[in-house]
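Visitor: Pasting in a structure now, in structure tokens, and then I'll have a few things to ask.
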Amino acid sequence: MRIVIAGGHGQIALRLERLLAARGDEVAGIIRKPEQGDDLRAAGAEPVVLDLESASVEEVADRLRGADAAVFAAGAGPNSGTARKDTVDRGAAVLFADAAVRAGVRRFVVVSSMGADPHHEGDEVFDVYQRAKGEADAYVQGLDSLDWTILRPGALTDDAGTGLVRLEARTGRGPVPRDDVAAVLAELLDSPATSGLTLELISGSAPVAVAVKAVAGN
């Protein structure tokens, strides 16, 4: 498959790029800064320099044409203010989804956040983040032209992945290594039967492939 990842220099995205490249997929990662390109090439991915905060739908669609799947893994980052929660966590996700529709890329996977809710209340940065992610998720969920899956991981850690997870519509809160999030994303991309599902993910006892097959109904 050819897979295009928005937020290609993120910690989860780099892990995912390595996994996809290792299994023989063609991977491109969208990045804002040219100097990030070497890290993507080291992961086996093609760097695509494009600012999702200023690009047009057509510019993004041009980068998506010919892809078999798209992954939205971009984020404003923990040190950004409320304005960029709206322009990246919501706005860039909406733009990327619209571009996928225009480019004819149906398979669309979103890395969201546990607790994302368009009606989340509060004015603190994390409140705005949860609301922005929830609004983006709701927008994607309303697009019939996409075979979407939304993944909402729990508290992300840099611990080594175990390959053992809990993946359900509702898991309750808990930690999960970024390694395991990337492994689940790679499996979801191979599992079109998970289209239309919004899933929470934390560490658990099921091997990744088994967990994904279970939610897919296989």
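Labels used: A, B, ... for chains in the order of the structure tokens, numbers from 1 for residues in each chain, and numbers from 1 for ligands as shown.
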Any idea what's packed within 9 Å of range 38-44 of chain A, counting only C-alpha atoms, ignoring anything in its chain fewer than 6 positions away? Could you give it as a PyMOL selection string?
Guide: chain A and resi 8-9+14-22+26-29
Visitor: Using only C-alpha atoms, which residues sit within 10 Å of Asp147 in chain A once same-chain residues fewer than 3 positions away are excluded, as a ChimeraX atom specification?
Guide: /A:69,105-109,140-141,143-144,192-197
Visitor: Which residues, written as a list in words, have at least one atom at most 6 Å from Ala73 in chain A, with only C-alpha atoms counted and residues fewer than 4 positions away on the same chain left out?
Guide: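 Final neighbour list, sorted by chain and number: Ala6, Gly7 and Val111 of chain A.
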Visitor: Have a look at CA of Ile12 in chain A and CA of Arg65 in chain A and let me know their distance in Å, one decimal.
Guide: 23.3 Å
Visitor: List every residue of range 68-198 of chain A that DSSP, applied to the backbone of this structure, assigns to strand (DSSP E or B), and report them as a PyMOL selection string.
Guide: chain A and resi 69-72+107-111+147-153+155-157+164-168+175-177+197-198
Visitor: Enter the distance from CA of Ala13 in chain A to CA of Ser112 in chain A, in Å, rounded to one decimal.
Guide: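 So the answer is 12.8 Å.
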Visitor: Would you pick out the contacts of Asp127 in chain A at 12 Å or less, using only C-alpha atoms, so that residues sharing its chain but fewer than 4 positions from it are not included, and give the list as a PyMOL selection string?
Guide: chain A and resi 81-82+85-86+113+115-123+131-134
Visitor: Quick one: of A:Ser191, A:Gln130, A:Thr198, A:Gln36, who's nearest to Arg152 in chain A, counting only C-alpha atoms?
Guide: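 Closest to Arg152 in chain A of all the choices is A:Thr198.
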Visitor: Can you check which residues of chain A DSSP gives as alpha helix (DSSP H) on the backbone and send them as JSON, numbers by chain?
Guide: {"A": [11, 12, 13, 14, 15, 16, 17, 18, 19, 20, 21, 22, 37, 38, 39, 40, 41, 42, 43, 57, 58, 59, 60, 61, 62, 63, 64, 82, 83, 84, 93, 94, 95, 96, 97, 98, 99, 100, 101, 102, 103, 125, 126, 127, 128, 129, 130, 131, 132, 133, 134, 135, 136, 137, 138, 139, 140, 141, 178, 179, 180, 181, 182, 183, 184, 185, 186, 187, 188, 189, 208, 209, 210, 211, 212, 213, 214, 215, 216]}
